Amino acid sequence: MKDALAIHRWLLAHQIHHEIVRLPRPMTGADELPETVSAAPDRCVAVTVFEVAPRVGRELVVAVVSTLDTPPRPGAVGGLLGVRKVRPAPAHVVNAATDYAAGLVSPLLLPEELPVLIDDRLQPDGEPMFTATGDRHTALTLRAFDLLSLVSGKTVELGVPRLEGALEAVAPRH
């Protein structure tokens, strides 16, 4: 499982200014970030993992990066992808697909084969953002611009459900 130390080393290697914040109490999930680090929900980033069932073929797993104030709705993800069923992935699937503890998935260092969608409502400004590190006792803070420049994935509009979509939107990254 990946953790704060793996993220810290990776960010140091990329010369990205960041801080690993030691939390005053352990978190069970990224949804606890706002009260734990005293930050607004729109400054806290979470990764939601879904299982999607395409019209043809086998189920796949998709990760969605968004802020806690605008979590992705399964209907919006399904409409975007044009799939017949979208549901939150169970913990064991999240653990296996992301190599992070379920609920504490960081948007950084996700496996290349995992399709990642980035909510276009995330703004690449110079303000700090907070995210989970895979560890219950720490969080990561760095500028939104740096975070979004490091997340590999496809930026999509998740604010309004779409009636049309294509599964190609989540093709593996290269």
# chains A, B, ... in the order shown; residues from 1 in each chain; ligands from 1

$ residues_around --residues "stretch 43-59 of chain A" --least-positions-apart "6" --cutoff "9 Å" --atoms "only C-alpha atoms" --output "PDB file with C-alpha atoms, in the first residue's frame"
ATOM      1  CA  ALA A  30     -10.953  11.769   3.081  1.00  0.00           C
ATOM      2  CA  ASP A  31     -14.433  13.146   3.785  1.00  0.00           C
ATOM      3  CA  LEU A  33     -10.416  16.368   5.833  1.00  0.00           C
ATOM      4  CA  PRO A  34     -12.299  19.689   6.216  1.00  0.00           C
ATOM      5  CA  VAL A  65     -10.859  13.246  -8.618  1.00  0.00           C
ATOM      6  CA  SER A  66     -13.044  16.047  -7.229  1.00  0.00           C
ATOM      7  CA  THR A  67     -13.411  18.371  -4.273  1.00  0.00           C
ATOM      8  CA  LEU A  68     -15.411  17.359  -1.245  1.00  0.00           C
ATOM      9  CA  ASP A  69     -17.963  20.108  -1.852  1.00  0.00           C
ATOM     10  CA  PRO A  71     -18.517  14.898  -5.072  1.00  0.00           C
ATOM     11  CA  PRO A  72     -19.163  12.980  -8.294  1.00  0.00           C
ATOM     12  CA  PRO A  74     -22.850   8.075 -10.136  1.00  0.00           C
ATOM     13  CA  VAL A  77     -20.344   9.528 -14.323  1.00  0.00           C
ATOM     14  CA  GLY A  78     -22.611   6.987 -16.018  1.00  0.00           C
ATOM     15  CA  LEU A  81     -19.310   7.291 -20.000  1.00  0.00           C
ATOM     16  CA  GLY A  82     -22.481   5.970 -21.601  1.00  0.00           C
ATOM     17  CA  VAL A  83     -22.551   2.918 -19.344  1.00  0.00           C
ATOM     18  CA  ARG A  84     -25.513   0.986 -18.036  1.00  0.00           C
ATOM     19  CA  LYS A  85     -24.534   0.853 -14.354  1.00  0.00           C
ATOM     20  CA  VAL A  86     -22.242   2.827 -12.027  1.00  0.00           C
ATOM     21  CA  ARG A  87     -21.791   2.080  -8.349  1.00  0.00           C
ATOM     22  CA  PRO A  88     -19.240   2.946  -5.662  1.00  0.00           C
ATOM     23  CA  ALA A  89     -16.532   0.286  -5.607  1.00  0.00           C
ATOM     24  CA  PRO A  90     -16.306  -1.873  -2.478  1.00  0.00           C
ATOM     25  CA  VAL A  93     -11.748  -3.304  -5.100  1.00  0.00           C
ATOM     26  CA  VAL A  94     -10.537   0.206  -4.172  1.00  0.00           C
ATOM     27  CA  ALA A  97      -7.201  -0.911  -8.015  1.00  0.00           C
ATOM     28  CA  THR A  98      -5.428   2.044  -6.365  1.00  0.00           C
ATOM     29  CA  ALA A 102     -10.046   2.600   0.789  1.00  0.00           C
ATOM     30  CA  GLY A 103     -11.321   6.033   1.812  1.00  0.00           C
ATOM     31  CA  LEU A 104      -7.812   7.493   1.931  1.00  0.00           C
ATOM     32  CA  VAL A 105      -6.908   7.371  -1.772  1.00  0.00           C
ATOM     33  CA  SER A 106      -4.583  10.111  -2.964  1.00  0.00           C
ATOM     34  CA  PRO A 107      -4.916  11.485  -6.506  1.00  0.00           C
ATOM     35  CA  LEU A 122     -11.221  21.850  -9.741  1.00  0.00           C
ATOM     36  CA  GLU A 127      -4.131  28.349  -3.249  1.00  0.00           C
ATOM     37  CA  PRO A 128      -3.377  25.303  -1.078  1.00  0.00           C
ATOM     38  CA  MET A 129      -5.356  22.105  -1.497  1.00  0.00           C
ATOM     39  CA  PHE A 130      -5.504  19.202   0.941  1.00  0.00           C
ATOM     40  CA  THR A 131      -5.776  15.534   0.082  1.00  0.00           C
ATOM     41  CA  ALA A 132      -5.398  12.129   1.698  1.00  0.00           C
ATOM     42  CA  ALA A 144      -3.835  23.479  -6.576  1.00  0.00           C
ATOM     43  CA  LEU A 167     -16.456   4.635 -22.801  1.00  0.00           C
TER      44      LEU A 167
END

$ select_by_dssp --residues "stretch 29-165 of chain A" --states "strand (DSSP E or B)" --output "PyMOL selection string"
chain A and resi 44-53+60-67+85-88+116-119+128-132+138-143+154-156

$ write_last_selection --atoms "N, CA and C atoms" --output "short mmCIF file (atom, residue, chain, number, x, y, z; two decimals), in the first residue's frame"
data_model
loop_
_atom_site.label_atom_id
_atom_site.label_comp_id
_atom_site.auth_asym_id
_atom_site.auth_seq_id
_atom_site.Cartn_x
_atom_site.Cartn_y
_atom_site.Cartn_z
N CYS A 44 -10.46 20.75 -0.38
CA CYS A 44 -10.10 19.36 -0.04
C CYS A 44 -10.45 18.46 -1.22
N VAL A 45 -9.47 17.71 -1.68
CA VAL A 45 -9.63 16.85 -2.86
C VAL A 45 -9.75 15.40 -2.41
N ALA A 46 -10.69 14.70 -3.02
CA ALA A 46 -10.90 13.29 -2.73
C ALA A 46 -10.93 12.50 -4.03
N VAL A 47 -10.68 11.22 -3.91
CA VAL A 47 -10.76 10.30 -5.05
C VAL A 47 -11.89 9.32 -4.75
N THR A 48 -12.86 9.29 -5.64
CA THR A 48 -13.97 8.35 -5.53
C THR A 48 -13.78 7.28 -6.58
N VAL A 49 -13.87 6.04 -6.17
CA VAL A 49 -13.66 4.92 -7.10
C VAL A 49 -15.00 4.25 -7.37
N PHE A 50 -15.28 4.09 -8.65
CA PHE A 50 -16.54 3.47 -9.09
C PHE A 50 -16.27 2.21 -9.88
N GLU A 51 -17.20 1.26 -9.77
CA GLU A 51 -17.25 0.13 -10.69
C GLU A 51 -18.28 0.51 -11.74
N VAL A 52 -17.91 0.36 -13.00
CA VAL A 52 -18.85 0.68 -14.08
C VAL A 52 -19.06 -0.55 -14.95
N ALA A 53 -20.30 -0.73 -15.35
CA ALA A 53 -20.67 -1.85 -16.21
C ALA A 53 -21.01 -1.29 -17.58
N LEU A 60 -15.39 -2.40 -15.34
CA LEU A 60 -14.11 -1.77 -15.07
C LEU A 60 -14.22 -0.86 -13.88
N VAL A 61 -13.06 -0.41 -13.42
CA VAL A 61 -12.98 0.47 -12.28
C VAL A 61 -12.47 1.81 -12.78
N VAL A 62 -13.11 2.89 -12.31
CA VAL A 62 -12.76 4.25 -12.71
C VAL A 62 -12.60 5.09 -11.44
N ALA A 63 -11.56 5.92 -11.40
CA ALA A 63 -11.34 6.83 -10.29
C ALA A 63 -11.74 8.24 -10.72
N VAL A 64 -12.41 8.96 -9.83
CA VAL A 64 -12.83 10.33 -10.12
C VAL A 64 -12.22 11.25 -9.05
N VAL A 65 -11.49 12.28 -9.50
CA VAL A 65 -10.86 13.25 -8.62
C VAL A 65 -11.74 14.49 -8.59
N SER A 66 -12.17 14.88 -7.38
CA SER A 66 -13.04 16.05 -7.23
C SER A 66 -12.83 16.65 -5.85
N THR A 67 -13.46 17.79 -5.61
CA THR A 67 -13.41 18.37 -4.27
C THR A 67 -14.54 17.79 -3.44
N LYS A 85 -24.48 0.86 -15.81
CA LYS A 85 -24.53 0.85 -14.35
C LYS A 85 -23.23 1.40 -13.77
N VAL A 86 -23.38 2.27 -12.76
CA VAL A 86 -22.24 2.83 -12.03
C VAL A 86 -22.55 2.70 -10.55
N ARG A 87 -21.60 2.18 -9.79
CA ARG A 87 -21.79 2.08 -8.35
C ARG A 87 -20.45 2.28 -7.65
N PRO A 88 -20.49 2.81 -6.41
CA PRO A 88 -19.24 2.95 -5.66
C PRO A 88 -18.57 1.58 -5.52
N VAL A 116 -8.63 7.56 -14.90
CA VAL A 116 -8.87 8.64 -13.95
C VAL A 116 -9.59 9.78 -14.65
N LEU A 117 -10.69 10.23 -14.04
CA LEU A 117 -11.43 11.39 -14.52
C LEU A 117 -11.21 12.51 -13.51
N ILE A 118 -10.95 13.73 -14.00
CA ILE A 118 -10.72 14.88 -13.14
C ILE A 118 -11.87 15.86 -13.35
N ASP A 119 -12.58 16.16 -12.29
CA ASP A 119 -13.71 17.09 -12.37
C ASP A 119 -13.21 18.46 -12.79
N PRO A 128 -3.65 26.67 -1.53
CA PRO A 128 -3.38 25.30 -1.08
C PRO A 128 -4.61 24.40 -1.17
N MET A 129 -4.34 23.15 -1.49
CA MET A 129 -5.36 22.10 -1.50
C MET A 129 -4.88 21.03 -0.53
N PHE A 130 -5.82 20.30 0.03
CA PHE A 130 -5.50 19.20 0.94
C PHE A 130 -6.05 17.92 0.34
N THR A 131 -5.31 16.83 0.55
CA THR A 131 -5.78 15.53 0.08
C THR A 131 -5.23 14.44 0.99
N ALA A 132 -5.83 13.28 0.91
CA ALA A 132 -5.40 12.13 1.70
C ALA A 132 -4.07 11.60 1.16
N THR A 138 -1.99 11.37 8.40
CA THR A 138 -1.39 12.49 7.66
C THR A 138 -2.30 12.94 6.52
N ALA A 139 -2.06 14.17 6.07
CA ALA A 139 -2.69 14.71 4.87
C ALA A 139 -1.58 15.42 4.09
N LEU A 140 -1.86 15.67 2.84
CA LEU A 140 -0.91 16.38 1.98
C LEU A 140 -1.49 17.73 1.63
N THR A 141 -0.67 18.76 1.66
CA THR A 141 -1.09 20.07 1.17
C THR A 141 -0.07 20.56 0.15
N LEU A 142 -0.60 21.08 -0.93
CA LEU A 142 0.21 21.69 -1.98
C LEU A 142 -0.68 22.60 -2.81
N ARG A 143 -0.06 23.45 -3.62
CA ARG A 143 -0.84 24.38 -4.43
C ARG A 143 -1.71 23.61 -5.42
N LYS A 154 -8.12 12.40 -17.42
CA LYS A 154 -8.87 13.19 -18.40
C LYS A 154 -9.79 14.14 -17.64
N THR A 155 -9.69 15.43 -17.95
CA THR A 155 -10.57 16.41 -17.33
C THR A 155 -11.93 16.35 -18.01
N VAL A 156 -12.98 16.23 -17.20
CA VAL A 156 -14.33 16.07 -17.73
C VAL A 156 -15.30 16.97 -16.96
#

$ atom_distance --atom1 "atom CA of A:Asp3" --atom2 "atom CA of A:Pro115"
20.4 Å

$ select_by_dssp --residues "chain A" --states "helix (DSSP H, G or I)" --output "number ranges by chain"
A: 4-13, 30-37, 41-43, 74-81, 91-98, 144-150, 167-170

$ residues_around --residues "A:His8" --least-positions-apart "3" --cutoff "12 Å" --atoms "only C-alpha atoms" --output "list in words"
Lys2, Asp3, Ala4, Leu5, Leu11, Leu12, Ala13, His14, Gln15, Ile16, His17, His18, Glu19, Ile20, Val21, Ser106, Leu108, Leu109, Thr133, Gly134, Thr138, Ala139, Leu140, Thr141 and Leu142 of chain A

$ atom_distance --atom1 "atom CA of A:His137" --atom2 "atom CA of A:Pro24"
7.8 Å

$ residues_around --residues "A:Arg73" --least-positions-apart "3" --cutoff "9 Å" --atoms "only C-alpha atoms" --output "PyMOL selection string"
chain A and resi 70+76-78+158-159+161
